[in-house]
Amino acid sequence: MIRALIAGYLLGAVPFAVLFGLLRRKNLLSLGSGNPGALNAIRVLGPVPGLMVLFLDLAKGFLAVAFGEAYGGVPGALAAGAAAVWGHAYSPFLLFRGGKGIAPAVGAALAVDPRLVALAFGIFLIFWAATKRPYRSALLSAALFPLVAFGYAGRLDLALFALLAVVPIVHRHLKDWHR
């Protein structure tokens with residue numbers, strides 16, 4: 001289980017947005033929003049590199065679940081998936097700065113059960129329609145995700161995975177409540 005956590009965290013910690021920015025001689029930590037995630041990469045680097053970052057950030061979460069399962073079965077898969085979100089949000093390669101964690105969380109949830117992603121996206125759309133604020137909608141849907149995971153599957157391990165995965169997402173989105 002420890003190996004699954006470490007593998008998931010380190011995989012999630014790879015800052016693809018920053019690496020793509022370096023290839024273009026642009027520092028995403030100081031340009032745009034300053035956030036080393038896919039949305040800022042799209043804004044600063046353009047749609048093609050930005051979407052490549054998004055795909056790689058999604059893949060980090062998905063692959064972390066696969067590696068975790070190899071190291072520790074279902075518990076290892078869930079732990080590694082959540083750890084990838086933490087690695088993305090608090091990357092040791094960026095002095096514990098990082099992205100907001102949505103993409104690796106979605107990738108991990110897709111690997112665990114794609115229906116969870118559909119439910120979370122539906123909740124996001126409801127909040128977005130009600131508030132017209134995407135950051136607030138992301139925060140609220142992330143906060144509800146553990147309850148949705150438990151209510152949908154009735155499995156405590158999925159609810160714990162969801163809770164551990166959303167803590168960094170909620171933390172990173174709180175400063176954007178006004179947006």
# chains A, B, ... in the order shown; residues from 1 in each chain; ligands from 1

call {"tool": "residues_around", "arguments": {"residues": "A:Ala142", "least_positions_apart": "5", "cutoff": "10 Å", "atoms": "only C-alpha atoms", "output": "ChimeraX atom specification"}}
result
/A:102,105,120-121,123-124,136-137,147-148,162-163,165-170,173

call {"tool": "write_last_selection", "arguments": {"atoms": "C-alpha atoms", "output": "compact mmCIF listing (two decimals), in the first residue's frame"}}
result
# COMPACT_ATOMS: atom_id res chain seq x y z
CA ILE A 102 -9.58 18.40 -11.14
CA ALA A 105 -9.14 13.42 -10.00
CA ALA A 120 -20.04 14.55 -10.58
CA PHE A 121 -20.23 16.33 -13.95
CA ILE A 123 -23.78 18.03 -10.28
CA PHE A 124 -21.23 20.51 -11.61
CA ARG A 136 -17.72 27.92 -7.30
CA SER A 137 -19.47 25.10 -9.15
CA LEU A 147 -21.49 11.72 -0.65
CA VAL A 148 -22.34 11.05 -4.29
CA ALA A 162 -13.54 10.47 -3.08
CA LEU A 163 -13.02 12.30 0.21
CA ALA A 165 -9.21 13.06 -3.62
CA VAL A 166 -11.34 16.17 -3.10
CA VAL A 167 -9.55 17.65 -0.08
CA PRO A 168 -6.81 19.27 -2.19
CA ILE A 169 -9.37 20.30 -4.83
CA VAL A 170 -11.51 22.07 -2.26
CA HIS A 173 -10.59 26.28 -5.08

call {"tool": "residues_around", "arguments": {"residues": "A:Ala64", "least_positions_apart": "3", "cutoff": "10 Å", "atoms": "only C-alpha atoms", "output": "ChimeraX atom specification"}}
result
/A:4-12,59-61,67-70,76-85,104,107-108,111

call {"tool": "closest_residue", "arguments": {"among": "A:Gly50, A:Met1, A:Ser30, A:Pro36", "to": "A:Tyr90", "atoms": "only C-alpha atoms"}}
result
A:Pro36

call {"tool": "select_by_dssp", "arguments": {"residues": "stretch 24-132 of chain A", "states": "helix (DSSP H, G or I)", "output": "PyMOL selection string"}}
result
chain A and resi 38-45+47-89+92-94+102-112+114-131

call {"tool": "atom_distance", "arguments": {"atom1": "atom CA of A:Ala153", "atom2": "atom CA of A:Val106"}}
result
17.0 Å

call {"tool": "atom_distance", "arguments": {"atom1": "atom CA of A:Phe55", "atom2": "atom CA of A:Ala109"}}
result
14.3 Å

call {"tool": "atom_distance", "arguments": {"atom1": "atom CA of A:Ser33", "atom2": "atom CA of A:Leu116"}}
result
28.9 Å

call {"tool": "residues_around", "arguments": {"residues": "stretch 16-24 of chain A", "least_positions_apart": "6", "cutoff": "8 Å", "atoms": "only C-alpha atoms", "output": "short mmCIF file (atom, residue, chain, number, x, y, z; two decimals) with N, CA and C atoms, in the first residue's frame"}}
result
data_model
loop_
_atom_site.label_atom_id
_atom_site.label_comp_id
_atom_site.auth_asym_id
_atom_site.auth_seq_id
_atom_site.Cartn_x
_atom_site.Cartn_y
_atom_site.Cartn_z
N PRO A 36 -0.28 26.09 -12.32
CA PRO A 36 0.32 25.13 -13.24
C PRO A 36 -0.63 23.98 -13.61
N GLY A 37 -1.73 24.34 -14.21
CA GLY A 37 -2.71 23.34 -14.62
C GLY A 37 -3.11 23.51 -16.07
N ALA A 38 -4.00 22.66 -16.51
CA ALA A 38 -4.38 22.61 -17.92
C ALA A 38 -5.09 23.89 -18.38
N ALA A 41 -2.61 26.49 -18.95
CA ALA A 41 -1.81 26.12 -20.11
C ALA A 41 -2.55 26.45 -21.40
N LEU A 45 -0.45 28.97 -23.38
CA LEU A 45 0.28 28.27 -24.44
C LEU A 45 -0.54 28.03 -25.69
N PRO A 49 -1.21 22.75 -27.12
CA PRO A 49 -0.42 22.32 -25.97
C PRO A 49 -1.26 22.23 -24.69
N GLY A 50 -2.22 23.13 -24.55
CA GLY A 50 -3.07 23.10 -23.37
C GLY A 50 -3.90 21.83 -23.28
N VAL A 53 -1.69 19.00 -22.25
CA VAL A 53 -1.51 19.02 -20.79
C VAL A 53 -2.73 18.42 -20.11
N LEU A 56 -2.62 14.67 -20.44
CA LEU A 56 -1.58 14.09 -19.58
C LEU A 56 -1.96 14.17 -18.11
N ASP A 57 -2.61 15.25 -17.70
CA ASP A 57 -3.06 15.35 -16.31
C ASP A 57 -4.17 14.35 -16.01
#
